[in-house]
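Data from upload30.cif: mmCIF, C-alpha atoms
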data_entry
#
loop_
_atom_site.label_atom_id
_atom_site.label_comp_id
_atom_site.auth_asym_id
_atom_site.auth_seq_id
_atom_site.Cartn_x
_atom_site.Cartn_y
_atom_site.Cartn_z
CA MET A 3 48.81 10.32 -3.80
CA THR A 4 51.31 9.96 -6.61
CA SER A 5 52.12 13.24 -8.37
CA PHE A 6 49.49 14.01 -11.00
CA TRP A 7 51.88 15.72 -13.41
CA ALA A 8 54.56 13.04 -13.05
CA VAL A 9 52.06 10.31 -13.93
CA LEU A 10 50.62 12.39 -16.76
CA SER A 11 54.03 12.99 -18.34
CA ALA A 12 55.18 9.39 -17.80
CA THR A 13 52.00 8.06 -19.46
CA LEU A 14 52.25 10.55 -22.31
CA VAL A 15 55.89 9.68 -22.99
CA LYS A 16 55.00 5.97 -22.83
CA ASP A 17 52.15 6.40 -25.32
CA ILE A 18 54.30 8.41 -27.73
CA ARG A 19 57.04 5.78 -27.44
CA LEU A 20 54.57 2.95 -28.15
CA GLU A 21 53.07 4.84 -31.10
CA TRP A 22 56.52 5.65 -32.47
CA ARG A 23 57.40 1.94 -32.38
CA SER A 24 54.14 0.52 -33.69
CA LYS A 25 52.76 3.48 -35.71
CA ASP A 26 49.37 1.74 -35.42
CA ALA A 27 47.29 4.88 -35.01
CA LEU A 28 49.22 7.24 -37.31
CA ASN A 29 49.44 4.82 -40.24
CA SER A 30 45.78 3.89 -40.15
CA MET A 31 44.70 7.52 -39.75
CA LEU A 32 46.91 8.68 -42.63
CA PHE A 33 45.78 6.02 -45.08
CA PHE A 34 42.17 6.51 -44.11
CA SER A 35 42.14 10.28 -44.52
CA LEU A 36 44.18 10.06 -47.72
CA LEU A 37 41.53 7.76 -49.13
CA VAL A 38 38.79 10.17 -48.05
CA VAL A 39 40.54 13.10 -49.76
CA VAL A 40 41.00 11.18 -53.01
CA ILE A 41 37.42 9.87 -53.00
CA PHE A 42 36.05 13.37 -52.35
CA VAL A 43 38.18 14.84 -55.12
CA PHE A 44 36.84 12.31 -57.63
CA SER A 45 33.28 12.71 -56.33
CA PHE A 46 33.04 16.51 -56.43
CA ASP A 47 35.80 17.98 -58.58
CA PRO A 48 34.78 21.47 -57.37
CA LEU A 49 35.84 24.84 -58.65
CA ALA A 50 37.75 27.08 -56.23
CA GLU A 51 34.70 29.18 -55.39
CA GLU A 52 32.51 26.16 -54.63
CA SER A 53 35.23 24.40 -52.74
CA ARG A 54 35.48 27.20 -50.17
CA HIS A 55 31.89 26.45 -49.19
CA ILE A 56 32.18 22.69 -48.88
CA VAL A 57 35.77 21.99 -47.92
CA GLY A 58 35.24 22.88 -44.24
CA GLY A 59 32.79 20.01 -44.01
CA LEU A 60 34.99 17.62 -46.02
CA VAL A 61 38.11 18.36 -43.98
CA TRP A 62 36.44 17.85 -40.62
CA VAL A 63 34.52 14.77 -41.69
CA ALA A 64 37.80 13.25 -42.89
CA PHE A 65 39.56 14.14 -39.63
CA LEU A 66 36.64 12.95 -37.53
CA PHE A 67 36.53 9.50 -39.12
CA ALA A 68 40.32 9.22 -39.07
CA ALA A 69 40.38 10.23 -35.40
CA VAL A 70 37.94 7.44 -34.57
CA VAL A 71 40.42 4.95 -36.03
CA ALA A 72 43.12 6.31 -33.70
CA LEU A 73 40.82 6.55 -30.70
CA ASN A 74 39.91 2.89 -31.02
CA GLN A 75 43.62 2.06 -30.86
CA THR A 76 44.37 4.20 -27.84
CA TRP A 77 42.76 1.90 -25.26
CA ALA A 78 43.25 -1.29 -27.23
CA ARG A 79 46.93 -1.36 -26.25
CA GLU A 80 45.92 -1.02 -22.60
CA LEU A 81 43.68 -4.06 -22.95
CA ARG A 82 46.42 -6.27 -24.41
CA ASN A 83 47.86 -8.23 -21.50
CA GLN A 84 45.30 -6.41 -19.31
CA VAL A 85 47.82 -3.64 -18.60
CA LEU A 86 44.98 -1.39 -17.50
CA ASP A 87 44.63 -3.55 -14.38
CA ALA A 88 48.19 -2.61 -13.38
CA TYR A 89 47.11 1.02 -13.52
CA ARG A 90 43.89 0.30 -11.61
CA VAL A 91 45.74 -1.30 -8.69
CA SER A 92 48.24 1.56 -8.49
CA PRO A 93 47.77 4.79 -6.51
CA ALA A 94 48.13 6.84 -9.72
CA PRO A 95 45.24 9.31 -10.24
CA ALA A 96 42.73 8.24 -12.88
CA ASN A 97 42.53 11.75 -14.33
CA ALA A 98 46.25 11.77 -15.08
CA LEU A 99 45.74 8.71 -17.29
CA PHE A 100 42.77 10.33 -19.02
CA LEU A 101 44.53 13.62 -19.67
CA ALA A 102 47.68 11.87 -20.88
CA LYS A 103 45.63 9.79 -23.32
CA SER A 104 43.74 12.88 -24.49
CA VAL A 105 46.92 14.91 -25.00
CA GLY A 106 48.54 11.97 -26.80
CA ASN A 107 45.56 11.62 -29.13
CA PHE A 108 45.55 15.39 -29.64
CA LEU A 109 49.18 15.22 -30.78
CA PHE A 110 48.56 12.28 -33.11
CA VAL A 111 45.50 13.87 -34.72
CA SER A 112 47.36 17.22 -34.97
CA VAL A 113 50.20 15.51 -36.83
CA LEU A 114 47.61 14.03 -39.21
CA GLU A 115 46.02 17.45 -39.73
CA ALA A 116 49.40 19.04 -40.38
CA LEU A 117 50.16 16.42 -43.03
CA MET A 118 46.72 16.38 -44.65
CA THR A 119 45.89 20.09 -44.74
CA PRO A 120 48.39 20.89 -47.55
CA LEU A 121 46.81 18.10 -49.60
CA PHE A 122 43.36 19.60 -49.13
CA ILE A 123 44.73 23.03 -50.16
CA VAL A 124 46.31 21.60 -53.32
CA PHE A 125 43.46 19.30 -54.34
CA TYR A 126 40.78 21.93 -53.77
CA ASN A 127 42.82 24.92 -54.98
CA LEU A 128 42.03 26.82 -51.79
CA HIS A 129 42.68 30.50 -51.13
CA VAL A 130 41.58 31.83 -47.78
CA LEU A 131 39.51 35.02 -48.06
CA GLY A 132 38.92 35.64 -44.33
CA PRO A 133 41.45 36.07 -41.48
CA ALA A 134 43.55 32.90 -41.88
CA TRP A 135 44.91 33.03 -38.32
CA GLN A 136 41.43 32.12 -37.05
CA LEU A 137 41.86 28.68 -38.56
CA ILE A 138 44.45 27.95 -35.85
CA PRO A 139 42.13 28.31 -32.82
CA ILE A 140 39.37 26.50 -34.75
CA ALA A 141 41.73 23.61 -35.50
CA LEU A 142 43.14 23.44 -31.97
CA LEU A 143 39.80 23.72 -30.17
CA GLY A 144 38.01 21.48 -32.67
CA THR A 145 40.67 18.78 -32.44
CA TRP A 146 40.59 18.90 -28.64
CA ALA A 147 36.78 18.59 -28.74
CA LEU A 148 37.10 15.44 -30.86
CA VAL A 149 39.83 13.77 -28.84
CA VAL A 150 38.62 14.58 -25.34
CA ASN A 151 35.17 13.14 -26.02
CA GLY A 152 36.61 10.37 -28.14
CA THR A 153 39.08 9.33 -25.43
CA PHE A 154 36.31 9.32 -22.85
CA PHE A 155 33.81 7.34 -24.93
CA ALA A 156 36.50 4.95 -26.16
CA ALA A 157 37.22 4.16 -22.50
CA MET A 158 33.51 3.81 -21.83
CA SER A 159 33.04 1.34 -24.68
CA LEU A 160 36.17 -0.62 -23.74
CA ARG A 161 34.35 -3.51 -22.15
CA THR A 162 31.56 -3.70 -24.70
CA ARG A 163 31.59 -6.49 -27.23
CA ASN A 164 31.54 -4.30 -30.37
CA ARG A 165 33.61 -1.39 -29.18
CA GLU A 166 34.71 -0.31 -32.68
CA ILE A 167 31.04 0.24 -33.52
CA MET A 168 30.10 1.62 -30.12
CA LEU A 169 32.61 4.46 -30.21
CA PRO A 170 31.18 6.30 -33.25
CA LEU A 171 27.64 5.58 -32.04
CA LEU A 172 28.41 7.34 -28.76
CA LEU A 173 30.83 9.96 -30.04
CA PHE A 174 29.19 11.36 -33.17
CA PRO A 175 25.83 12.47 -31.71
CA ILE A 176 27.43 14.21 -28.75
CA SER A 177 30.02 15.87 -31.01
CA ILE A 178 27.43 17.50 -33.26
CA PRO A 179 27.70 20.99 -31.63
CA ALA A 180 31.50 20.85 -31.92
CA ILE A 181 31.38 19.60 -35.52
CA LEU A 182 28.97 22.39 -36.43
CA GLY A 183 31.34 24.89 -34.83
CA MET A 184 34.36 23.49 -36.68
CA VAL A 185 32.66 23.28 -40.07
CA ALA A 186 30.85 26.61 -39.90
CA GLY A 187 33.92 28.35 -38.43
CA THR A 188 36.23 26.97 -41.12
CA THR A 189 33.77 27.88 -43.88
CA ALA A 190 33.42 31.40 -42.44
CA VAL A 191 37.18 31.92 -42.57
CA LEU A 192 37.61 30.36 -46.02
CA THR A 193 34.82 32.38 -47.63
CA GLY A 194 35.36 35.55 -45.59
CA GLU A 195 31.58 36.05 -45.56
CA ASN A 196 31.01 35.83 -41.80
CA SER A 197 33.02 36.22 -38.62
CA ALA A 198 34.27 32.96 -37.06
CA HIS A 199 34.37 34.56 -33.62
CA PHE A 200 31.09 33.00 -32.48
CA TYR A 201 32.22 29.53 -33.51
CA ILE A 202 35.54 29.88 -31.69
CA VAL A 203 33.69 30.83 -28.49
CA LEU A 204 31.28 27.94 -29.05
CA LEU A 205 34.18 25.48 -29.41
CA LEU A 206 35.93 26.91 -26.37
CA THR A 207 32.78 26.55 -24.26
CA TYR A 208 32.20 23.04 -25.56
CA ASP A 209 35.79 22.06 -24.71
CA VAL A 210 35.60 23.44 -21.18
CA VAL A 211 32.27 21.72 -20.46
CA PHE A 212 33.19 18.32 -21.87
CA THR A 213 36.75 18.29 -20.51
CA THR A 214 35.40 19.04 -17.03
CA ALA A 215 32.66 16.42 -17.31
CA SER A 216 35.07 13.78 -18.63
CA LEU A 217 37.58 14.46 -15.84
CA ALA A 218 34.82 14.25 -13.25
CA LEU A 219 33.50 10.93 -14.56
CA PHE A 220 36.62 9.11 -15.74
CA GLY A 221 37.52 7.65 -12.35
CA THR A 222 34.18 5.82 -12.30
CA ILE A 223 34.75 4.53 -15.83
CA LEU A 224 38.27 3.33 -15.05
CA HIS A 225 37.32 1.41 -11.94
CA ALA A 226 34.07 -0.02 -13.34
CA GLU A 227 34.15 -3.78 -13.81
CA MET B 2 31.26 -21.82 4.96
CA SER B 3 33.63 -19.59 6.78
CA ALA B 4 37.19 -20.21 7.75
CA SER B 5 39.47 -18.45 10.14
CA ALA B 6 43.12 -18.78 10.95
CA SER B 7 44.47 -18.05 14.36
CA GLY B 8 45.61 -14.52 15.08
CA PRO B 9 44.08 -11.27 16.22
CA ALA B 10 41.72 -9.46 13.91
CA GLY B 11 42.43 -5.80 13.18
CA ALA B 12 44.61 -3.43 11.26
CA SER B 13 47.39 -5.95 10.73
CA THR B 14 45.28 -8.69 9.20
CA ILE B 15 43.55 -9.36 5.91
CA THR B 16 39.88 -9.92 6.52
CA VAL B 17 37.18 -11.13 4.16
CA ARG B 18 33.64 -10.96 5.59
CA ASN B 19 30.64 -12.65 3.98
CA VAL B 20 31.82 -11.75 0.50
CA ILE B 21 29.51 -12.58 -2.35
CA LYS B 22 30.57 -11.74 -5.88
CA GLN B 23 28.08 -12.16 -8.66
CA PHE B 24 28.59 -11.85 -12.40
CA GLY B 25 25.04 -11.55 -13.66
CA ARG B 26 23.27 -14.59 -12.25
CA PHE B 27 26.49 -16.52 -11.62
CA ALA B 28 27.94 -16.27 -8.13
CA ALA B 29 31.73 -16.61 -8.31
CA LEU B 30 32.07 -16.16 -4.52
CA ARG B 31 29.31 -17.37 -2.21
CA GLY B 32 29.67 -15.88 1.24
CA VAL B 33 33.41 -16.19 1.75
CA SER B 34 34.60 -15.27 5.24
CA ALA B 35 38.19 -15.64 6.32
CA GLU B 36 40.94 -13.94 8.24
CA PHE B 37 44.54 -14.22 7.14
CA ASP B 38 47.50 -13.49 9.34
CA PRO B 39 50.14 -11.15 7.96
CA GLY B 40 53.67 -12.31 7.28
CA ARG B 41 52.51 -15.70 6.05
CA PHE B 42 52.54 -17.52 2.74
CA HIS B 43 49.03 -18.59 1.72
CA ALA B 44 48.46 -20.90 -1.23
CA ILE B 45 44.95 -20.77 -2.68
CA LEU B 46 43.97 -23.99 -4.38
CA GLY B 47 40.92 -25.40 -6.08
CA ASP B 48 39.48 -26.55 -9.37
CA ASN B 49 38.81 -24.23 -12.29
CA GLY B 50 35.83 -22.01 -11.48
CA ALA B 51 36.26 -22.42 -7.73
CA GLY B 52 36.55 -18.64 -7.26
CA LYS B 53 40.30 -18.38 -6.59
CA THR B 54 41.03 -15.63 -9.10
CA THR B 55 37.89 -13.70 -8.14
CA LEU B 56 38.95 -13.78 -4.48
CA LEU B 57 42.42 -12.55 -5.45
CA ARG B 58 40.97 -9.77 -7.62
CA GLY B 59 38.72 -8.82 -4.71
CA LEU B 60 41.74 -8.57 -2.43
CA ALA B 61 43.50 -6.44 -5.06
CA GLY B 62 40.51 -4.10 -5.32
CA LEU B 63 39.84 -5.04 -8.94
CA ALA B 64 36.55 -6.80 -8.20
CA GLN B 65 34.11 -5.03 -5.91
CA PRO B 66 32.14 -7.49 -3.75
CA THR B 67 28.44 -7.59 -4.56
CA GLN B 68 27.96 -8.04 -0.83
CA GLY B 69 30.33 -8.18 2.14
CA THR B 70 33.60 -6.42 2.90
CA ILE B 71 37.30 -6.92 2.36
CA SER B 72 39.83 -5.27 4.63
CA ILE B 73 43.55 -5.12 3.91
CA PHE B 74 45.51 -4.09 7.00
CA GLY B 75 42.46 -2.22 8.25
CA LYS B 76 41.81 -0.38 4.98
CA SER B 77 39.74 -0.99 1.87
CA PRO B 78 41.72 -2.58 -0.98
CA ARG B 79 41.64 0.70 -2.95
CA ASP B 80 42.99 2.66 0.01
CA ALA B 81 45.63 0.01 0.64
CA CYS B 82 46.83 -0.05 -2.97
CA ARG B 83 50.35 1.07 -2.04
CA ASP B 84 50.64 -2.02 0.14
CA ILE B 85 49.50 -4.40 -2.59
CA GLY B 86 51.54 -6.01 -5.36
CA TYR B 87 49.37 -7.80 -7.90
CA MET B 88 50.42 -10.26 -10.57
CA ALA B 89 47.70 -11.53 -12.87
CA HIS B 90 47.58 -14.42 -15.29
CA PRO B 91 48.27 -12.05 -18.24
CA SER B 92 51.57 -10.21 -17.91
CA LEU B 93 50.20 -6.67 -17.32
CA LEU B 94 53.16 -5.43 -19.35
CA TYR B 95 53.52 -3.59 -22.66
CA ASP B 96 54.87 -6.02 -25.25
CA GLU B 97 56.54 -3.27 -27.31
CA MET B 98 58.67 -1.97 -24.42
CA SER B 99 61.65 -3.62 -22.76
CA GLY B 100 61.42 -4.92 -19.21
CA MET B 101 63.31 -1.92 -17.87
CA GLU B 102 61.12 0.55 -19.79
CA ASN B 103 58.02 -1.18 -18.45
CA LEU B 104 59.25 -1.09 -14.88
CA ARG B 105 60.32 2.56 -15.12
CA TYR B 106 56.81 3.44 -16.24
CA PHE B 107 55.13 1.46 -13.47
CA ALA B 108 57.59 2.83 -10.90
CA GLY B 109 56.38 6.29 -11.91
CA LEU B 110 52.80 5.30 -11.05
CA TYR B 111 53.97 4.65 -7.48
CA GLY B 112 56.02 7.83 -7.31
CA LEU B 113 59.31 5.91 -7.44
CA LYS B 114 62.02 7.75 -9.31
CA SER B 115 64.98 5.49 -8.63
CA HIS B 116 66.11 3.40 -11.60
CA ALA B 117 68.14 1.35 -9.15
CA ARG B 118 64.91 0.02 -7.65
CA CYS B 119 63.78 -1.19 -11.11
CA GLU B 120 67.12 -2.90 -11.70
CA GLU B 121 66.94 -4.46 -8.26
CA ALA B 122 63.46 -5.88 -8.95
CA ILE B 123 64.53 -7.29 -12.31
CA ARG B 124 67.65 -8.88 -10.82
CA ALA B 125 65.59 -10.29 -7.94
CA VAL B 126 63.56 -12.38 -10.41
CA GLY B 127 66.72 -13.57 -12.18
CA LEU B 128 66.54 -11.42 -15.31
CA ASP B 129 69.00 -9.00 -16.85
CA PRO B 130 67.99 -5.31 -16.66
CA GLU B 131 70.11 -4.65 -19.77
CA LEU B 132 67.82 -6.72 -22.02
CA THR B 133 66.70 -4.29 -24.72
CA ARG B 134 64.19 -6.37 -26.66
CA GLY B 135 60.48 -5.90 -26.09
CA VAL B 136 58.70 -7.99 -23.49
CA GLY B 137 56.61 -9.43 -26.34
CA GLN B 138 59.73 -11.21 -27.55
CA TYR B 139 60.47 -12.77 -24.17
CA SER B 140 59.73 -16.42 -23.52
CA GLN B 141 56.58 -17.11 -21.48
CA GLY B 142 58.71 -17.89 -18.42
CA MET B 143 60.65 -14.63 -18.75
CA ARG B 144 57.38 -12.71 -19.08
CA GLN B 145 56.11 -14.32 -15.89
CA ARG B 146 59.27 -13.32 -14.06
CA MET B 147 59.11 -9.77 -15.38
CA SER B 148 55.48 -9.64 -14.31
CA LEU B 149 56.58 -10.68 -10.81
CA ALA B 150 59.26 -7.97 -10.91
CA ARG B 151 56.52 -5.42 -11.67
CA ALA B 152 54.46 -6.71 -8.74
CA ILE B 153 57.32 -6.43 -6.22
CA LEU B 154 58.67 -3.15 -7.63
CA HIS B 155 57.20 -0.87 -4.95
CA ASP B 156 58.08 -3.23 -2.10
CA PRO B 157 54.48 -4.06 -1.14
CA ARG B 158 53.51 -5.63 2.19
CA LEU B 159 51.00 -7.90 0.46
CA LEU B 160 51.70 -9.89 -2.69
CA LEU B 161 48.81 -11.33 -4.68
CA LEU B 162 49.96 -13.69 -7.40
CA ASP B 163 47.65 -15.45 -9.83
CA GLU B 164 49.18 -18.58 -11.38
CA PRO B 165 52.76 -17.30 -11.26
CA PHE B 166 54.21 -20.69 -12.19
CA SER B 167 52.10 -21.46 -15.25
CA ASN B 168 54.28 -22.10 -18.32
CA VAL B 169 57.41 -21.78 -16.20
CA ASP B 170 59.91 -24.65 -16.16
CA VAL B 171 60.35 -26.50 -12.87
CA HIS B 172 63.79 -25.01 -12.14
CA SER B 173 62.56 -21.44 -12.67
CA ALA B 174 59.38 -22.14 -10.70
CA ARG B 175 61.46 -23.36 -7.74
CA GLU B 176 63.57 -20.20 -7.96
CA MET B 177 60.40 -18.11 -7.89
CA VAL B 178 59.13 -20.06 -4.88
CA GLY B 179 62.47 -19.41 -3.15
CA LEU B 180 62.10 -15.70 -3.87
CA LEU B 181 58.57 -15.68 -2.47
CA ARG B 182 59.68 -17.61 0.61
CA GLY B 183 62.39 -14.97 1.12
CA MET B 184 59.78 -12.24 0.89
CA ARG B 185 57.61 -14.04 3.43
CA ASP B 186 60.66 -14.31 5.72
CA ALA B 187 61.12 -10.57 5.31
CA GLY B 188 57.61 -10.06 6.74
CA LYS B 189 55.55 -9.82 3.55
CA THR B 190 52.21 -11.55 3.24
CA VAL B 191 52.02 -13.71 0.12
CA PHE B 192 48.95 -15.15 -1.60
CA VAL B 193 49.51 -17.50 -4.52
CA VAL B 194 46.70 -18.93 -6.62
CA THR B 195 47.99 -22.09 -8.21
CA HIS B 196 47.18 -25.57 -9.41
CA GLN B 197 50.69 -26.71 -8.50
CA ALA B 198 50.19 -27.35 -4.80
CA LEU B 199 53.15 -29.68 -4.42
CA LEU B 200 55.52 -27.00 -5.67
CA LEU B 201 54.63 -24.92 -2.62
CA GLU B 202 54.89 -27.65 -0.03
CA GLY B 203 57.49 -26.64 2.49
CA ALA B 204 57.23 -23.02 1.35
CA ALA B 205 53.60 -22.10 1.98
CA ASP B 206 52.42 -21.77 5.59
CA GLU B 207 48.84 -22.51 4.71
CA PHE B 208 46.85 -24.10 1.92
CA VAL B 209 43.41 -22.56 1.41
CA TRP B 210 41.07 -24.86 -0.49
CA MET B 211 38.23 -23.37 -2.52
CA GLN B 212 35.30 -25.07 -4.14
CA ALA B 213 32.21 -23.60 -5.83
CA GLY B 214 32.91 -20.07 -4.59
CA GLN B 215 33.59 -21.00 -0.98
CA ILE B 216 36.58 -21.74 1.23
CA VAL B 217 36.09 -25.36 2.19
CA ASP B 218 39.30 -26.13 4.06
CA ARG B 219 42.53 -24.62 5.34
CA THR B 220 45.45 -26.96 5.89
CA ALA B 221 49.10 -26.63 6.84
CA THR B 222 50.28 -28.96 4.10
CA ALA B 223 49.23 -29.89 0.59
CA GLU B 224 47.96 -33.25 1.89
CA ARG B 225 44.40 -32.59 0.82
CA GLY B 226 45.70 -32.10 -2.67
CA ARG B 227 47.32 -35.51 -2.66
CA ALA B 228 44.12 -37.13 -1.41
CA GLN B 229 42.24 -35.64 -4.35
#

Reformat the file's structure so that it appears as structure tokens.
Amino acid sequence: MTSFWAVLSATLVKDIRLEWRSKDALNSMLFFSLLVVVIFVFSFDPLAEESRHIVGGLVWVAFLFAAVVALNQTWARELRNQVLDAYRVSPAPANALFLAKSVGNFLFVSVLEALMTPLFIVFYNLHVLGPAWQLIPIALLGTWALVVNGTFFAAMSLRTRNREIMLPLLLFPISIPAILGMVAGTTAVLTGENSAHFYIVLLLTYDVVFTTASLALFGTILHAE
Amino acid sequence: MSASASGPAGASTITVRNVIKQFGRFAALRGVSAEFDPGRFHAILGDNGAGKTTLLRGLAGLAQPTQGTISIFGKSPRDACRDIGYMAHPSLLYDEMSGMENLRYFAGLYGLKSHARCEEAIRAVGLDPELTRGVGQYSQGMRQRMSLARAILHDPRLLLLDEPFSNVDVHSAREMVGLLRGMRDAGKTVFVVTHQALLLEGAADEFVWMQAGQIVDRTATAERGRAQ
């Protein structure tokens, strides 16, 4: 068996290189989430106090929809020229491909979040009242929850005719517990009214369960005809 | 109909037994049985829809038979993947990366770390490893050659090539045939799906004729092709 970590790192480097050259995923995510921020600002125009209660939802909805744009791209480049078949006939472990794709998507969505979060802070005049450090585990665990499921379901919908539609149809319902954890956790930290501890544990549990399930099932998805 | 070449069955052969492959209600392969000797050059011929590509994908482990078994040197195609080099009709390469970058990535999937091996494969198909432009900017013929380089990269015992000469000029196609003949002489087993039977005359050891999902004939020359 070819080394798991060698294949993972080679695939990750390849994906970053392809994204750096094409910027397909990053550009579309950035423009999309920028549009969402602007539309929300014009729609709500909230005061600082109100914004603390709603911005958790707005931020994660924006990132969720933007992530779907990127997730649709992640397997599309493997379908061009049927490159995925070259992987399928190789001895490389299927899980290494899945983890590399997930980590790659995690990095791309994290870059988006890093660029967009200051905009949300400025537009919504945000001041964090709770322990701000808790936003870091919420962001990391929440982003991983989105990308690990998204990468898995994007692969699952690869061979369907309307895969751009199929991905959100599969991903959103199953992501509801994670989205609730992200939104409620972020709101708890921003308002300082509740502890976000429960939501961090919820996200961690969700990540462990769905990462394990995805790793267990991905080989079947990859080699399905 | 079944067909069988001479030679002992077993771990050294490629065996297809009663293979049926259905896509929904359409049967692409209808009970194909055949045994292929190793170290030979087999050309698979037939009209469009005859089942050539499906048979090749079955040998590569990309298409699971609905019924029947395929054995590659005594193993299932998935277990024998290190022994198989597969070239499909599409290039199976990333357009945005250079030939060398592509091959380095695919070498990693086989646990090969030597860049020299990638250069060797690229030179073997008559291309320059120093080419820096993306494969997407190559001519169709160059892409085909690079795709062949990817297939031979890990020095497989069995080469499965689907239409390797399509869109390739005659001179380049003859060079590719020469390369494949050399690989056969070195003990590799070569399968080529093609519509250009005459190109392989004198190079291929056997011409396998397919029609409507079955092997209907196996000849030593492309004579049957001329008759049609």

If the PyMOL selection byres ((chain A) within 10 of (chain B)) were run on this exact file, what residues would it hold? Put them as a PDB file with C-alpha atoms, in the coordinates of the input.
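The result, written out as out.pdb:
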ATOM      1  CA  MET A   3      48.810  10.320  -3.800  1.00  0.00           C
ATOM      2  CA  THR A   4      51.310   9.960  -6.610  1.00  0.00           C
ATOM      3  CA  SER A   5      52.120  13.240  -8.370  1.00  0.00           C
ATOM      4  CA  PHE A   6      49.490  14.010 -11.000  1.00  0.00           C
ATOM      5  CA  ALA A   8      54.560  13.040 -13.050  1.00  0.00           C
ATOM      6  CA  VAL A   9      52.060  10.310 -13.930  1.00  0.00           C
ATOM      7  CA  LEU A  10      50.620  12.390 -16.760  1.00  0.00           C
ATOM      8  CA  SER A  11      54.030  12.990 -18.340  1.00  0.00           C
ATOM      9  CA  ALA A  12      55.180   9.390 -17.800  1.00  0.00           C
ATOM     10  CA  THR A  13      52.000   8.060 -19.460  1.00  0.00           C
ATOM     11  CA  VAL A  15      55.890   9.680 -22.990  1.00  0.00           C
ATOM     12  CA  LYS A  16      55.000   5.970 -22.830  1.00  0.00           C
ATOM     13  CA  ARG A  19      57.040   5.780 -27.440  1.00  0.00           C
ATOM     14  CA  LEU A  20      54.570   2.950 -28.150  1.00  0.00           C
ATOM     15  CA  GLU A  21      53.070   4.840 -31.100  1.00  0.00           C
ATOM     16  CA  ARG A  23      57.400   1.940 -32.380  1.00  0.00           C
ATOM     17  CA  SER A  24      54.140   0.520 -33.690  1.00  0.00           C
ATOM     18  CA  ARG A  79      46.930  -1.360 -26.250  1.00  0.00           C
ATOM     19  CA  GLU A  80      45.920  -1.020 -22.600  1.00  0.00           C
ATOM     20  CA  LEU A  81      43.680  -4.060 -22.950  1.00  0.00           C
ATOM     21  CA  ARG A  82      46.420  -6.270 -24.410  1.00  0.00           C
ATOM     22  CA  ASN A  83      47.860  -8.230 -21.500  1.00  0.00           C
ATOM     23  CA  GLN A  84      45.300  -6.410 -19.310  1.00  0.00           C
ATOM     24  CA  VAL A  85      47.820  -3.640 -18.600  1.00  0.00           C
ATOM     25  CA  LEU A  86      44.980  -1.390 -17.500  1.00  0.00           C
ATOM     26  CA  ASP A  87      44.630  -3.550 -14.380  1.00  0.00           C
ATOM     27  CA  ALA A  88      48.190  -2.610 -13.380  1.00  0.00           C
ATOM     28  CA  TYR A  89      47.110   1.020 -13.520  1.00  0.00           C
ATOM     29  CA  ARG A  90      43.890   0.300 -11.610  1.00  0.00           C
ATOM     30  CA  VAL A  91      45.740  -1.300  -8.690  1.00  0.00           C
ATOM     31  CA  SER A  92      48.240   1.560  -8.490  1.00  0.00           C
ATOM     32  CA  PRO A  93      47.770   4.790  -6.510  1.00  0.00           C
ATOM     33  CA  ALA A  94      48.130   6.840  -9.720  1.00  0.00           C
ATOM     34  CA  PRO A  95      45.240   9.310 -10.240  1.00  0.00           C
ATOM     35  CA  HIS A 225      37.320   1.410 -11.940  1.00  0.00           C
ATOM     36  CA  ALA A 226      34.070  -0.020 -13.340  1.00  0.00           C
ATOM     37  CA  GLU A 227      34.150  -3.780 -13.810  1.00  0.00           C
TER      38      GLU A 227
END

Next on the checklist: Measuring between all atoms listed in the file, which one of A:Ala69, A:Val63, A:Val38, A:Ala98 shows the shortest distance to A:Leu217?
Outcome noted: A:Ala98

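Using all atoms listed in the file, the shortest contact distance between A:Leu143 and any of A:Lys25, A:Val39, A:Ser104, A:Met184 is found at A:Met184.
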
Next on the checklist: Residues within 8 Å of A:Phe108, please, as a ChimeraX atom specification. Count all atoms listed in the file; anything in the same chain fewer than 5 positions from it doesn't count.
Outcome noted: /A:145-146,149

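Between atom CA of B:Thr55 and atom CA of B:Trp210 the separation is 13.9 Å.
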
Checklist entry - Quick one: which residues end up in the PyMOL selection byres ((chain A and resi 159-162) around 12) for this structure, as number ranges by chain? => result A: 73-82, 84, 86, 152-158, 163-173, 223-227

Item to check | Interatomic distance, atom CA of B:Val17 to atom CA of B:Val191 (Å, one decimal) | outcome: 15.6 Å

Next on the checklist: Between B:Ala174, B:Ala198, B:Ile216, B:Leu161, which residue has the minimum interatomic distance to B:Gly59, considering all atoms listed in the file?
Outcome noted: B:Leu161

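Proximity of A:Phe46, A:Met31, A:His55, A:His129 to A:Leu114, computed with only C-alpha atoms, is greatest for A:Met31.
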
Checklist entry - Residues picked by the PyMOL selection byres ((chain B and resi 195) around 6) here, as an MDAnalysis selection string? => result chainID B and resid 46 164 194 196:197

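Going from atom CA of A:Leu66 to atom CA of A:Thr213 covers 17.8 Å.
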
Next on the checklist: So that I can see what lies close to B:Ala205, please list as a ChimeraX atom specification the residues with an atom at most 10 Å from it, counting all atoms listed in the file and leaving out residues fewer than 4 positions away in the same chain.
Outcome noted: /B:41-45,178,181-182,185,191-193,198-201,221-223

Checklist entry - For B:Ile15, which of B:His116, B:Arg124, B:Arg31, B:Arg158 is the closest residue, counting all atoms listed in the file? => result B:Arg158

Item to check | Minimum-distance residue to A:Leu142, chosen among A:Leu121, A:Ala116, A:Leu28, A:Ala102 (using only C-alpha atoms) | outcome: A:Ala116

Item to check | For A:Tyr126: contacts at 12 Å, all atoms listed in the file, fewer than 6 positions along chain excluded, given as a list in words | outcome: Val39, Val40, Phe42, Val43, Phe44, Phe46, Asp47, Pro48, Leu49, Ala50, Glu51, Glu52, Ser53, Arg54, His55, Ile56, Val57, Gly58, Leu60, Val61, Thr119, Pro120 and Leu192 of chain A
